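For reference, the structure discussed in these notes is given below.
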Amino acid sequence: MEPLKDYYRALLDRFGPQGWWPGETRFEVMVGAILTQNTAWKNVEKAIGTLRTYGLLDPHKIHETDQDTLALAIKPAGYFNVKAKRLKAFADWLVTKHHADAEKLTQIPLDRLREELLEIKGIGPETADSILLYALDFPTFVVDAYTYRVLTRHNLIGEEATYEDMKDLFERNLGRDRELFGEFHALIVAVGKKFCRATARCEECPLRRFLPGK
DNA sequence: GACCAGGCACATC
DNA sequence: GATGTGCATGGT
C-alpha cells in the first residue's frame, strides 16, 4: 500500500505543524499564491507589505490600479511586470465575474471553480490549487517541484508523471482532508528545501528510511 | 559569481 | 506533443 501517511507522520514529527498559509484575508492569500510563483516567500512578504501599505490588498484597488504602478509595488517579488499583469487578470476576474466577493467563491463546486481559475492567464495548476486549498479551504492537493522530486526519488511515481498524476496519488490515498492536505504540502516544501534540492542530500532526511532499498 | 526559489505562458520544432 | 526560453529580485 502507499506509505504516504507514513511519510506525513515522519515529516510532522521532524518539522512540526507548518501553519500554512500566512495571510490575514482570503484575498491576501490568493495574492501571495500568485506572487510566490518560482520565488522565495521572503521576497513575497516584502511585496505584500508594500501592497498593504498602499492599501492595494483589495480586489477593487488592484482592478483599478494601472499595471506599471502595481509592478513597482511588487518589485521585490521578482518577475514584477509578469506578476503585475497576472494580479490584474486575477482581480479583473474576481471583480467582474464574482463581485469581488472572495467569501462567495467557497460556495462554488470545487471542480467548476478550478476550471475557472485555470482559464485566467497566469494561473496554472499549482497556483489554482494553492488558492483553492489555502485561501478558500477546498480539499484539493497542491503539487510542486519538490513533490515531484520526492515522489520520483522514492519511486512512488514515474519520471513521466504529470501534475494531475501526482495530485491524484495524494487525493486517492489520503482521502479529502483540507487540514491534512494543507500541512502535507507545506511539510513537503520544508523537507524539500532542506534535503531534496536539485542535488539530493539524503543523509539526515527524515524520509531516508523510506528510500527504495533501505 | 553561480545557483536557486512555494510557475507559467508562449515560441518553435 | 515535447522541448526550450523569458521573466527578475534577493538569499546562500
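Going through the C-alpha cells in order, the chains are called A, B, and so on, while each chain numbers its residues from 1 and the ligands are numbered from 1 in the order shown.
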Hey, could you make a per-residue contact list for chain A against chain B with 12 Å as the cut-off, showing the nearest pair of atoms and its distance in Å to one decimal, counting only C-alpha atoms (C1' of nucleotides), sorted by chain and number, as CSV?
```
residue,atom,partner,partner_atom,distance
A:Trp20,CA,B:DG6,C1',10.7
A:Trp21,CA,B:DG6,C1',10.5
A:Gly32,CA,B:DG6,C1',9.9
A:Ala33,CA,B:DG6,C1',8.2
A:Ile34,CA,B:DG7,C1',8.9
A:Leu35,CA,B:DG6,C1',9.9
A:Thr36,CA,B:DG6,C1',6.2
A:Gln37,CA,B:DG7,C1',4.8
A:Asn38,CA,B:DG7,C1',5.2
A:Thr39,CA,B:DA5,C1',4.4
A:Ala40,CA,B:DA5,C1',4.5
A:Trp41,CA,B:DG6,C1',7.0
A:Lys42,CA,B:DA5,C1',9.7
A:Asn43,CA,B:DA5,C1',9.6
A:Val44,CA,B:DG6,C1',10.4
A:Ala77,CA,B:DA5,C1',10.6
A:Gly78,CA,B:DA5,C1',10.5
A:Tyr79,CA,B:DG7,C1',11.0
A:Val82,CA,B:DC8,C1',9.6
A:Lys83,CA,B:DC8,C1',10.2
A:Arg86,CA,B:DC8,C1',10.0
A:Leu118,CA,B:DC8,C1',11.0
A:Ile120,CA,B:DC8,C1',11.1
A:Lys121,CA,B:DA9,C1',7.8
A:Gly122,CA,B:DC8,C1',5.9
A:Ile123,CA,B:DC8,C1',7.2
A:Gly124,CA,B:DC8,C1',6.3
A:Pro125,CA,B:DG7,C1',9.1
A:Glu126,CA,B:DG7,C1',7.6
A:Thr127,CA,B:DG7,C1',7.9
A:Ala128,CA,B:DG7,C1',11.1
A:Asp129,CA,B:DG6,C1',11.9
A:Ser130,CA,B:DG6,C1',9.3
A:Val142,CA,B:DG6,C1',9.9
A:Val143,CA,B:DG6,C1',9.7
A:Asp144,CA,B:DG6,C1',7.4
A:Ala145,CA,B:DG6,C1',8.8
A:Tyr146,CA,B:DG6,C1',9.0
A:Thr147,CA,B:DG6,C1',10.8
A:His185,CA,B:DG6,C1',9.3
A:Ala186,CA,B:DG6,C1',8.3
A:Leu187,CA,B:DG6,C1',10.9
A:Ile188,CA,B:DG6,C1',9.9
A:Val189,CA,B:DG6,C1',6.8
A:Ala190,CA,B:DG6,C1',9.6
A:Gly192,CA,B:DG6,C1',10.3
A:Lys193,CA,B:DA5,C1',9.4
A:Arg197,CA,B:DC4,C1',9.0
A:Ala198,CA,B:DC4,C1',9.0
A:Thr199,CA,B:DC4,C1',11.5
```
Writing out the chosen residues with C-alpha atoms as a PDB file, in the first residue's frame:
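This is the output file out_14.pdb:
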```
ATOM      1  CA  TRP A  20       0.297  27.451   6.124  1.00  0.00           C
ATOM      2  CA  TRP A  21      -0.781  29.812   4.695  1.00  0.00           C
ATOM      3  CA  GLY A  32       0.506  35.570  -2.216  1.00  0.00           C
ATOM      4  CA  ALA A  33      -0.157  32.452  -4.291  1.00  0.00           C
ATOM      5  CA  ILE A  34       0.465  34.424  -7.484  1.00  0.00           C
ATOM      6  CA  LEU A  35       3.442  36.369  -6.153  1.00  0.00           C
ATOM      7  CA  THR A  36       5.280  33.297  -4.891  1.00  0.00           C
ATOM      8  CA  GLN A  37       5.435  31.630  -8.309  1.00  0.00           C
ATOM      9  CA  ASN A  38       9.025  30.407  -8.636  1.00  0.00           C
ATOM     10  CA  THR A  39      10.021  32.876  -5.946  1.00  0.00           C
ATOM     11  CA  ALA A  40      11.213  32.674  -2.343  1.00  0.00           C
ATOM     12  CA  TRP A  41       8.478  33.542   0.155  1.00  0.00           C
ATOM     13  CA  LYS A  42      10.743  36.065   1.847  1.00  0.00           C
ATOM     14  CA  ASN A  43      10.612  38.249  -1.256  1.00  0.00           C
ATOM     15  CA  VAL A  44       6.857  37.875  -1.455  1.00  0.00           C
ATOM     16  CA  ALA A  77       8.847  39.564  -5.579  1.00  0.00           C
ATOM     17  CA  GLY A  78      10.630  39.389  -8.935  1.00  0.00           C
ATOM     18  CA  TYR A  79       9.091  38.970 -12.427  1.00  0.00           C
ATOM     19  CA  VAL A  82       4.615  39.493 -15.447  1.00  0.00           C
ATOM     20  CA  LYS A  83       3.129  39.258 -11.986  1.00  0.00           C
ATOM     21  CA  ARG A  86      -1.304  38.299 -13.548  1.00  0.00           C
ATOM     22  CA  LEU A 118      -7.185  27.799 -14.820  1.00  0.00           C
ATOM     23  CA  ILE A 120      -7.125  33.060 -16.076  1.00  0.00           C
ATOM     24  CA  LYS A 121      -3.799  33.888 -17.763  1.00  0.00           C
ATOM     25  CA  GLY A 122      -1.111  33.444 -15.148  1.00  0.00           C
ATOM     26  CA  ILE A 123      -2.919  30.898 -13.010  1.00  0.00           C
ATOM     27  CA  GLY A 124      -1.594  27.399 -13.604  1.00  0.00           C
ATOM     28  CA  PRO A 125      -2.410  24.204 -11.704  1.00  0.00           C
ATOM     29  CA  GLU A 126      -0.236  24.853  -8.656  1.00  0.00           C
ATOM     30  CA  THR A 127      -1.434  28.424  -8.176  1.00  0.00           C
ATOM     31  CA  ALA A 128      -5.053  27.369  -8.709  1.00  0.00           C
ATOM     32  CA  ASP A 129      -4.779  24.592  -6.146  1.00  0.00           C
ATOM     33  CA  SER A 130      -2.968  26.863  -3.672  1.00  0.00           C
ATOM     34  CA  VAL A 142      -1.132  21.147  -4.117  1.00  0.00           C
ATOM     35  CA  VAL A 143       1.743  19.680  -6.111  1.00  0.00           C
ATOM     36  CA  ASP A 144       5.042  21.462  -6.690  1.00  0.00           C
ATOM     37  CA  ALA A 145       8.577  20.823  -7.880  1.00  0.00           C
ATOM     38  CA  TYR A 146       9.547  19.343  -4.504  1.00  0.00           C
ATOM     39  CA  THR A 147       6.625  16.947  -4.625  1.00  0.00           C
ATOM     40  CA  HIS A 185       2.136  20.156   1.122  1.00  0.00           C
ATOM     41  CA  ALA A 186       3.828  22.627   3.462  1.00  0.00           C
ATOM     42  CA  LEU A 187       5.854  19.801   5.015  1.00  0.00           C
ATOM     43  CA  ILE A 188       6.955  18.602   1.586  1.00  0.00           C
ATOM     44  CA  VAL A 189       8.230  22.099   0.871  1.00  0.00           C
ATOM     45  CA  ALA A 190      10.023  22.104   4.228  1.00  0.00           C
ATOM     46  CA  GLY A 192      12.397  19.700   0.014  1.00  0.00           C
ATOM     47  CA  LYS A 193      14.198  22.912   0.855  1.00  0.00           C
ATOM     48  CA  ARG A 197      17.022  20.161  -3.853  1.00  0.00           C
ATOM     49  CA  ALA A 198      18.461  19.698  -7.349  1.00  0.00           C
ATOM     50  CA  THR A 199      21.136  17.545  -5.745  1.00  0.00           C
TER      51      THR A 199
END
```
Would you give me, as a PyMOL selection string, the residues of chain C that come within 10 Å of chain A, using only C-alpha atoms (C1' of nucleotides)?
chain C and resi 6-11
Written selection (C-alpha atoms (C1' of nucleotides)) as a PDB file, in the first residue's frame:
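What follows is the written file part.pdb:
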```pdb
ATOM      1  C1'  DG C   6      11.923  34.714 -20.930  1.00  0.00           C
ATOM      2  C1'  DC C   7      10.587  36.708 -16.825  1.00  0.00           C
ATOM      3  C1'  DA C   8      13.833  39.341 -12.097  1.00  0.00           C
ATOM      4  C1'  DT C   9      14.662  40.043  -7.216  1.00  0.00           C
ATOM      5  C1'  DG C  10      17.192  38.647  -3.154  1.00  0.00           C
ATOM      6  C1'  DG C  11      19.354  34.990  -0.207  1.00  0.00           C
TER       7       DG C  11
END
```
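When atom CA of Asp101 of chain A is paired with atom CA of Glu115 of chain A, their separation reads 18.0 Å.
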Which parts of segment 30-200 of chain A does DSSP call alpha helix (DSSP H) when run on the backbone here, written out as JSON, numbers by chain?
{"A": [30, 31, 32, 33, 34, 35, 41, 42, 43, 44, 45, 46, 47, 48, 49, 50, 51, 52, 53, 59, 60, 61, 62, 63, 64, 67, 68, 69, 70, 71, 72, 73, 80, 81, 82, 83, 84, 85, 86, 87, 88, 89, 90, 91, 92, 93, 94, 95, 96, 97, 98, 102, 103, 104, 105, 110, 111, 112, 113, 114, 115, 116, 117, 118, 119, 125, 126, 127, 128, 129, 130, 145, 146, 147, 148, 149, 150, 151, 152, 153, 163, 164, 165, 166, 167, 168, 169, 170, 171, 172, 173, 174, 178, 179, 180, 181, 182, 183, 184, 185, 186, 187, 188, 189, 190, 191, 192, 193, 194, 195]}
